[in-house]
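See below for the structure under consideration.
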Amino acid sequence: MKYIDEFRDPELARRLADAISAEADPAREYRLMEFCGGHTHAIFRYGVQDLMPNNLTFVHGPGCPVCVLPIARIDQAIALVETHAVTLCSYGDLMRVPASDRRSLLKAKAKGADIRMIYSTQDALAIARKAPGRQVVFFAIGFETTTPPTAVAIKQARAEGLNNFSVFCNHVLTPAALRAILDAAEPDNPSIDGILGPSHVSTLIGCAPYRFVPRDYGIPVVIAGFEPLDVMQSVLMLVRQINADRRQVENQYTRAVTETGNHKAQALVNEVFAVRDSFEWRGLGFLPDSALRIANPFADLDAELRFPADAGESREIKGCECPAILRGSKTPTDCKLFGTLCTPDNPMGACMVSSEGSCAAYWSYGRFRQPSILPGKVA
Ligand code: SF4
């Protein structure tokens with residue numbers, strides 16, 4: 001398949017692996033954080049870790065939009081739909097994420113709440129058009145990548161006069177999370193030597209927003225695509241930067257990412273959203289300027305204002321290590337519940353539910369590996 005097979009070519013992978021092994025200095029350690037869950041899954045699915053030298057390990061970052069959503073926001077969504085008898089539209093990944101007291105959207109639906117699984121913002125708009133007498137709320141989550149479609153839906157609803165449509169906004173911003181991880185004190189600071197930067201997010205925001213990482217923290221960044229050869233080439237670029245003591249933002253994913261990103265999408269997002277003063281991230285706590293709310297001119301489409309709901313106090317799942325995994329300070333196999341009480345059929349935390357979660361990646365592709373070759377366990 002064009003644009004896929006070229007990036008999974010075994011011969012090229014072998015050559016890249018040889019180049020990485022030849023250039024990695026055996027006298028030093030290379031700890032590379034892949035920011036995105038998409039990278040984590042590529043690394044596990046294609047066995048990239050096994051092709052790396054023993055002194056190069058991957059640290060898993062927080063780049064999974066479902067995983068970083070704090071339990072309080074899911075509790076709030078459940079309270080919203082139960083208090084106001086609205087129709088709540090959610091992407092499928094969110095449906096099974098455990099909330100406080102082992103509740104979830106799926107369980108709330110089973111108890112009678114009108115919660116629909118959708119594939120796009122357009123599905124939510126279509127539901128609102130078909131039922132003008134029913135209030136429809138779209139549960140919006142995601143990094144910068146998924147923000148423009150939500151902005152389009154809000155503008156469409158306004159243009160069509162769809163007064164029964166609103167958005168529960170949980171869109172978050174990548175650079176703030178990166179800064180929080182790099183600012184974290186020991187033992188949460190995972191001492192990172194290089195960062196595989198987000199690819200899809202960067203198609204929107206470009207390379208420029210990551211310049212603070214080499215400037216303020218002395219850590220190189222390579223914006224990396226999600227195919228296995230993208231990841232391996234990016235690793236080679238990071239190894240070369242580290243060896244040469246260079247600290248720059250480089251772009252491996254040039255087929256989609258530019259220096260300043262997609263200006264049209266940025267203008268749309270800036271029109272419809274405003275930056276929140278503070279927002280909670282699972283594992284990272286409340287971070288300033290790290291998320292979006294609906295801007296004042298569109299405030300009538302903000303479900304948080306239209307349908308206030310008290311969700312009470314939220315509680316993390318006992319024993320779940322998702323917060324530490326999202327900070328990069330633990331791996332899924334450090335969790336006592338991994339593969340015992342917590343599996344994809346019976347998830348105890350978001351990292352096992354989400355298709356981009358680290359625990360799901362370990363379970364799907366790495367569960368039966370020897371501990372000696374698991375990331376973070378290299379002898
Ligand atoms: S294995 Fe399950 S309980 Fe443990 S950290 Fe992952 S999601 Fe949480």
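How things are named: the first chain in the structure tokens is A, the next is B, and so on; residues count from 1 in each chain; ligands count from 1 in the order shown.
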Surrounding residues as a compact mmCIF listing (two decimals) with N, CA, C and O atoms, in the first residue's frame, ligand 1, max 9 Å, only C-alpha atoms and all ligand atoms:
# COMPACT_ATOMS: atom_id res chain seq x y z
N CYS A 67 -5.93 8.58 28.06
CA CYS A 67 -5.22 8.28 29.32
C CYS A 67 -5.03 9.52 30.18
O CYS A 67 -5.07 9.43 31.42
N ILE A 317 -8.32 4.81 40.92
CA ILE A 317 -8.48 3.37 41.17
C ILE A 317 -7.29 2.87 41.99
O ILE A 317 -6.13 3.10 41.62
N LYS A 318 -7.58 2.21 43.09
CA LYS A 318 -6.52 1.75 44.01
C LYS A 318 -5.58 0.77 43.29
O LYS A 318 -6.05 -0.19 42.66
N GLY A 319 -4.31 1.04 43.37
CA GLY A 319 -3.32 0.12 42.79
C GLY A 319 -2.97 0.41 41.35
O GLY A 319 -1.99 -0.10 40.83
N CYS A 320 -3.77 1.23 40.66
CA CYS A 320 -3.51 1.55 39.25
C CYS A 320 -2.33 2.52 39.16
O CYS A 320 -2.32 3.55 39.83
N GLU A 321 -1.36 2.19 38.32
CA GLU A 321 -0.15 3.01 38.20
C GLU A 321 -0.19 3.94 36.99
O GLU A 321 0.83 4.48 36.58
N CYS A 322 -1.39 4.13 36.40
CA CYS A 322 -1.50 5.00 35.22
C CYS A 322 -0.82 6.36 35.44
O CYS A 322 -0.08 6.82 34.57
N PRO A 323 -1.04 7.03 36.59
CA PRO A 323 -0.42 8.35 36.75
C PRO A 323 1.10 8.30 36.61
O PRO A 323 1.70 9.14 35.93
N ALA A 324 1.75 7.32 37.26
CA ALA A 324 3.22 7.23 37.17
C ALA A 324 3.67 6.82 35.77
O ALA A 324 4.71 7.28 35.28
N ILE A 325 2.90 5.98 35.11
CA ILE A 325 3.24 5.58 33.73
C ILE A 325 3.17 6.79 32.80
O ILE A 325 4.03 6.98 31.94
N LYS A 330 7.27 5.02 35.54
CA LYS A 330 7.06 3.58 35.70
C LYS A 330 6.62 2.99 34.35
O LYS A 330 6.15 3.72 33.47
N THR A 331 6.75 1.69 34.22
CA THR A 331 6.25 1.00 33.03
C THR A 331 5.08 0.12 33.45
O THR A 331 4.92 -0.18 34.64
N PRO A 332 4.26 -0.31 32.50
CA PRO A 332 3.08 -1.11 32.87
C PRO A 332 3.40 -2.35 33.69
O PRO A 332 2.64 -2.72 34.58
N THR A 333 4.56 -2.98 33.43
CA THR A 333 4.87 -4.19 34.19
C THR A 333 5.24 -3.88 35.64
O THR A 333 5.36 -4.80 36.45
N ASP A 334 5.42 -2.61 35.97
CA ASP A 334 5.61 -2.23 37.38
C ASP A 334 4.29 -2.28 38.15
O ASP A 334 4.30 -2.21 39.38
N CYS A 335 3.17 -2.34 37.43
CA CYS A 335 1.86 -2.33 38.08
C CYS A 335 1.48 -3.76 38.47
O CYS A 335 1.46 -4.66 37.63
N LYS A 336 1.14 -3.93 39.75
CA LYS A 336 0.78 -5.27 40.24
C LYS A 336 -0.50 -5.80 39.58
O LYS A 336 -0.74 -7.00 39.55
N LEU A 337 -1.32 -4.90 39.09
CA LEU A 337 -2.59 -5.32 38.50
C LEU A 337 -2.46 -5.73 37.03
O LEU A 337 -3.37 -6.34 36.47
N PHE A 338 -1.31 -5.40 36.41
CA PHE A 338 -1.14 -5.66 34.98
C PHE A 338 -1.24 -7.15 34.68
O PHE A 338 -0.49 -7.96 35.23
N GLY A 339 -2.18 -7.50 33.80
CA GLY A 339 -2.30 -8.89 33.38
C GLY A 339 -2.92 -9.81 34.40
O GLY A 339 -3.14 -10.98 34.13
N THR A 340 -3.21 -9.29 35.59
CA THR A 340 -3.89 -10.11 36.60
C THR A 340 -5.32 -9.59 36.74
O THR A 340 -6.22 -10.08 36.07
N LEU A 341 -5.49 -8.56 37.57
CA LEU A 341 -6.83 -7.97 37.67
C LEU A 341 -7.14 -7.09 36.48
O LEU A 341 -8.31 -6.88 36.14
N CYS A 342 -6.11 -6.53 35.84
CA CYS A 342 -6.34 -5.56 34.77
C CYS A 342 -5.93 -6.14 33.41
O CYS A 342 -4.75 -6.42 33.18
N THR A 343 -6.89 -6.32 32.55
CA THR A 343 -6.66 -6.78 31.18
C THR A 343 -7.58 -5.95 30.27
O THR A 343 -8.47 -5.26 30.77
N PRO A 344 -7.41 -6.04 28.95
CA PRO A 344 -8.32 -5.28 28.08
C PRO A 344 -9.79 -5.66 28.27
O PRO A 344 -10.68 -4.85 28.08
N ASN A 346 -11.10 -6.50 31.14
CA ASN A 346 -11.52 -5.99 32.45
C ASN A 346 -10.56 -4.88 32.86
O ASN A 346 -9.76 -5.03 33.77
N PRO A 347 -10.60 -3.74 32.16
CA PRO A 347 -9.61 -2.70 32.42
C PRO A 347 -9.85 -2.00 33.75
O PRO A 347 -10.98 -1.68 34.10
N MET A 348 -8.76 -1.78 34.48
CA MET A 348 -8.85 -1.05 35.74
C MET A 348 -8.42 0.40 35.56
O MET A 348 -8.65 1.23 36.44
N GLY A 349 -7.74 0.71 34.46
CA GLY A 349 -7.27 2.07 34.24
C GLY A 349 -7.31 2.43 32.77
O GLY A 349 -7.39 1.55 31.89
N ALA A 350 -7.22 3.73 32.49
CA ALA A 350 -7.35 4.22 31.12
C ALA A 350 -6.23 3.69 30.21
O ALA A 350 -6.45 3.47 29.02
N CYS A 351 -5.04 3.47 30.76
CA CYS A 351 -3.91 3.04 29.92
C CYS A 351 -4.13 1.64 29.35
O CYS A 351 -3.45 1.24 28.40
N MET A 352 -5.05 0.86 29.93
CA MET A 352 -5.36 -0.46 29.38
C MET A 352 -6.54 -0.38 28.42
O MET A 352 -6.70 -1.24 27.55
N VAL A 353 -7.37 0.65 28.55
CA VAL A 353 -8.56 0.77 27.70
C VAL A 353 -8.19 1.35 26.34
O VAL A 353 -8.60 0.84 25.29
N GLY A 357 -2.91 3.50 24.69
CA GLY A 357 -2.36 3.39 26.04
C GLY A 357 -1.16 2.46 26.12
O GLY A 357 -1.08 1.46 25.40
N SER A 358 -0.23 2.76 27.03
CA SER A 358 0.97 1.95 27.19
C SER A 358 0.64 0.54 27.67
O SER A 358 1.23 -0.44 27.20
N CYS A 359 -0.29 0.43 28.60
CA CYS A 359 -0.62 -0.90 29.13
C CYS A 359 -1.25 -1.77 28.04
O CYS A 359 -0.95 -2.97 27.94
N ALA A 360 -2.07 -1.15 27.19
CA ALA A 360 -2.66 -1.90 26.07
C ALA A 360 -1.56 -2.36 25.11
O ALA A 360 -1.61 -3.47 24.58
N TRP A 363 0.29 -5.26 26.69
CA TRP A 363 -0.55 -6.47 26.69
C TRP A 363 -0.63 -7.05 25.28
O TRP A 363 -0.47 -8.25 25.07
Write out as an NGL selection string the residues lying within 7 Å of region 42-50 of chain A, counting only C-alpha atoms and excluding same-chain residues fewer than 2 positions away.
:A and (38-40 or 52 or 226-228 or 361 or 365-366)
Please save C-alpha atoms of the selected residues as a compact mmCIF listing (two decimals), in the first residue's frame.
# COMPACT_ATOMS: atom_id res chain seq x y z
CA GLY A 38 1.08 5.96 18.65
CA HIS A 39 4.87 5.71 18.93
CA THR A 40 4.60 3.28 21.85
CA MET A 52 17.95 -1.39 19.48
CA PHE A 226 4.25 6.75 13.46
CA GLU A 227 5.48 4.07 11.08
CA PRO A 228 8.31 1.80 12.29
CA ALA A 361 0.56 -1.89 24.00
CA TYR A 365 2.51 -6.97 21.79
CA GLY A 366 4.86 -7.44 24.72
Report as a ChimeraX atom specification all protein, DNA and RNA residues lying within 12 Å of Val167 (chain A), evaluated on only C-alpha atoms, omitting residues in the same chain fewer than 5 positions from it.
/A:77,80,86-90,121,124-125,128,135-141,147,149-155,157,272-273,292-295,298-307
Would you mind exporting C-alpha atoms of the selected residues as a tab-separated table (two decimals), in the first residue's frame?
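Once written, again_38.tsv looks like this:
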chain	number	residue	atom	x	y	z
A	77	ALA	CA	-19.63	13.82	32.17
A	80	LEU	CA	-23.97	15.87	33.45
A	86	VAL	CA	-29.28	14.99	27.80
A	87	THR	CA	-27.87	12.81	25.01
A	88	LEU	CA	-24.10	12.51	25.48
A	89	CYS	CA	-22.02	11.64	22.40
A	90	SER	CA	-18.60	10.10	23.03
A	121	THR	CA	-18.17	15.37	15.44
A	124	ALA	CA	-23.01	14.26	16.99
A	125	LEU	CA	-24.32	17.09	14.82
A	128	ALA	CA	-28.80	16.88	17.16
A	135	GLN	CA	-30.25	18.46	24.04
A	136	VAL	CA	-27.14	16.77	22.56
A	137	VAL	CA	-23.71	17.17	24.18
A	138	PHE	CA	-20.49	16.21	22.42
A	139	PHE	CA	-17.77	14.92	24.83
A	140	ALA	CA	-14.74	16.53	23.15
A	141	ILE	CA	-11.30	15.20	24.06
A	147	THR	CA	-9.37	20.34	18.13
A	149	PRO	CA	-12.97	19.26	13.94
A	150	THR	CA	-14.59	20.33	17.22
A	151	ALA	CA	-14.19	23.98	16.19
A	152	VAL	CA	-15.82	23.20	12.84
A	153	ALA	CA	-18.76	21.49	14.59
A	154	ILE	CA	-19.26	24.48	16.90
A	155	LYS	CA	-19.27	26.89	13.97
A	157	ALA	CA	-24.05	24.44	14.91
A	272	VAL	CA	-13.49	29.21	18.73
A	273	PHE	CA	-11.37	28.37	21.79
A	292	LEU	CA	-8.79	24.91	25.95
A	293	ARG	CA	-12.26	26.14	26.82
A	294	ILE	CA	-14.89	27.44	24.45
A	295	ALA	CA	-14.27	31.15	23.79
A	298	PHE	CA	-19.42	30.77	21.51
A	299	ALA	CA	-20.13	30.38	25.25
A	300	ASP	CA	-23.78	29.46	24.58
A	301	LEU	CA	-22.48	26.21	23.07
A	302	ASP	CA	-20.41	25.36	26.16
A	303	ALA	CA	-22.02	22.37	27.90
A	304	GLU	CA	-20.20	23.14	31.16
A	305	LEU	CA	-22.08	26.44	31.35
A	306	ARG	CA	-25.35	25.16	29.94
A	307	PHE	CA	-25.52	22.02	32.14
Which of these residues is nearest to Ala72 (chain A), using only C-alpha atoms: A:Ser355, A:Ser120, A:Asn170, A:Asn262?
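Result for the nearest residue to Ala72 (chain A): A:Asn170.
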Could you find all residues in region 50-263 of chain A that DSSP calls strand (DSSP E or B) from the backbone, and write them as a count of residues only?
42
For Leu238 (chain A): contacts at 10 Å, only C-alpha atoms, fewer than 3 positions along chain excluded, given as an MDAnalysis selection string:
chainID A and resid 20 30 32 193:196 219:222 232:235 241:244 246:250
Please produce a file of the residues just selected, as a PDB file, in the first residue's frame, where the atoms kept are C-alpha atoms.
ATOM      1  CA  ILE A  20      21.892   2.894  15.217  1.00  0.00           C
ATOM      2  CA  TYR A  30      20.300   6.658  25.652  1.00  0.00           C
ATOM      3  CA  LEU A  32      14.488   8.387  24.693  1.00  0.00           C
ATOM      4  CA  ASP A 193      18.250  12.170  26.838  1.00  0.00           C
ATOM      5  CA  GLY A 194      16.050  12.851  23.814  1.00  0.00           C
ATOM      6  CA  ILE A 195      12.408  13.140  22.795  1.00  0.00           C
ATOM      7  CA  LEU A 196      10.530  11.604  19.879  1.00  0.00           C
ATOM      8  CA  ILE A 219      17.302  17.995  25.381  1.00  0.00           C
ATOM      9  CA  PRO A 220      17.077  17.329  21.631  1.00  0.00           C
ATOM     10  CA  VAL A 221      13.704  16.699  19.960  1.00  0.00           C
ATOM     11  CA  VAL A 222      12.936  14.922  16.690  1.00  0.00           C
ATOM     12  CA  MET A 232      13.875   4.169  13.746  1.00  0.00           C
ATOM     13  CA  GLN A 233      15.091   7.034  11.586  1.00  0.00           C
ATOM     14  CA  SER A 234      14.109   9.457  14.342  1.00  0.00           C
ATOM     15  CA  VAL A 235      16.044   7.390  16.877  1.00  0.00           C
ATOM     16  CA  GLN A 241      22.404  14.789  18.072  1.00  0.00           C
ATOM     17  CA  ILE A 242      23.285  13.340  21.475  1.00  0.00           C
ATOM     18  CA  ASN A 243      26.680  12.067  20.267  1.00  0.00           C
ATOM     19  CA  ALA A 244      27.515  15.438  18.717  1.00  0.00           C
ATOM     20  CA  ARG A 246      23.765  19.133  19.605  1.00  0.00           C
ATOM     21  CA  ARG A 247      20.449  20.227  21.111  1.00  0.00           C
ATOM     22  CA  GLN A 248      17.907  21.045  18.390  1.00  0.00           C
ATOM     23  CA  VAL A 249      14.381  20.414  17.185  1.00  0.00           C
ATOM     24  CA  GLU A 250      14.648  18.344  14.021  1.00  0.00           C
TER      25      GLU A 250
END
Go through A:Asp75, A:Asp9, A:Glu144, A:Glu29 one by one, measure the shortest atom-to-atom distance of each to Arg102 (chain A) using only C-alpha atoms, and give the residue with the smallest value.
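That would be A:Asp75, the residue with the smallest distance to Arg102 (chain A).
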When you look at Pro10 (chain A) with a cut-off of 10 Å (counting only C-alpha atoms), what residues show up, excluding the ones that are within fewer than 5 positions of it in the same chain? I need them as an NGL selection string.
:A and (5 or 15-16 or 228-229)
Grab the residues selected above and save them as a PDB file, in the first residue's frame with N, CA and C atoms.
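So the final result, stored in selection38.pdb, reads:
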ATOM      1  N   ASP A   5       3.724   0.713   2.944  1.00  0.00           N
ATOM      2  CA  ASP A   5       4.743  -0.331   2.788  1.00  0.00           C
ATOM      3  C   ASP A   5       6.160   0.242   2.806  1.00  0.00           C
ATOM      4  N   ARG A  15      18.896  -2.011   7.941  1.00  0.00           N
ATOM      5  CA  ARG A  15      19.992  -1.045   7.735  1.00  0.00           C
ATOM      6  C   ARG A  15      19.959   0.060   8.800  1.00  0.00           C
ATOM      7  N   LEU A  16      18.751   0.514   9.116  1.00  0.00           N
ATOM      8  CA  LEU A  16      18.649   1.541  10.161  1.00  0.00           C
ATOM      9  C   LEU A  16      19.099   0.993  11.513  1.00  0.00           C
ATOM     10  N   PRO A 228       7.095   2.290  11.620  1.00  0.00           N
ATOM     11  CA  PRO A 228       8.314   1.801  12.294  1.00  0.00           C
ATOM     12  C   PRO A 228       9.599   2.417  11.743  1.00  0.00           C
ATOM     13  N   LEU A 229       9.673   2.623  10.420  1.00  0.00           N
ATOM     14  CA  LEU A 229      10.899   3.236   9.897  1.00  0.00           C
ATOM     15  C   LEU A 229      10.996   4.709  10.289  1.00  0.00           C
TER      16      LEU A 229
END
Smallest atom-to-atom distance to Asp345 (chain A): which of A:Asp101, A:Gly197, A:Ser364, A:Gln252, using only C-alpha atoms?
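When distances to Asp345 (chain A) are compared using only C-alpha atoms, the smallest one comes from A:Ser364.
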Tell me, as a PyMOL selection string, which residues lie within 12 Å of Thr174 (chain A), counting only C-alpha atoms; anything in the same chain fewer than 2 positions away does not count.
chain A and resi 35-36+61-65+68+142-145+171-172+176-181+197-202+204-207+209-210+281+287+289-292
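Taking CA of Leu182 (chain A) as the reference point, CA of Tyr217 (chain A) is found at 7.5 Å.
The nearest approach to Lys107 (chain A) among the residues A:Gly92, A:Arg8, A:Ile78, A:Arg211, with only C-alpha atoms taken into account, belongs to A:Ile78.
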Closest of A:Glu280, A:Glu11, A:Asp310, A:Glu356 to Leu173 (chain A) - atom-to-atom distances counting only C-alpha atoms:
A:Glu280
Backbone-only DSSP, alpha helix (DSSP H) members of region 41-272 of chain A, as a ChimeraX atom specification
/A:41-45,65-68,71-84,92-95,105-110,121-130,147-160,174-183,200-205,212-217,228-243,263-272
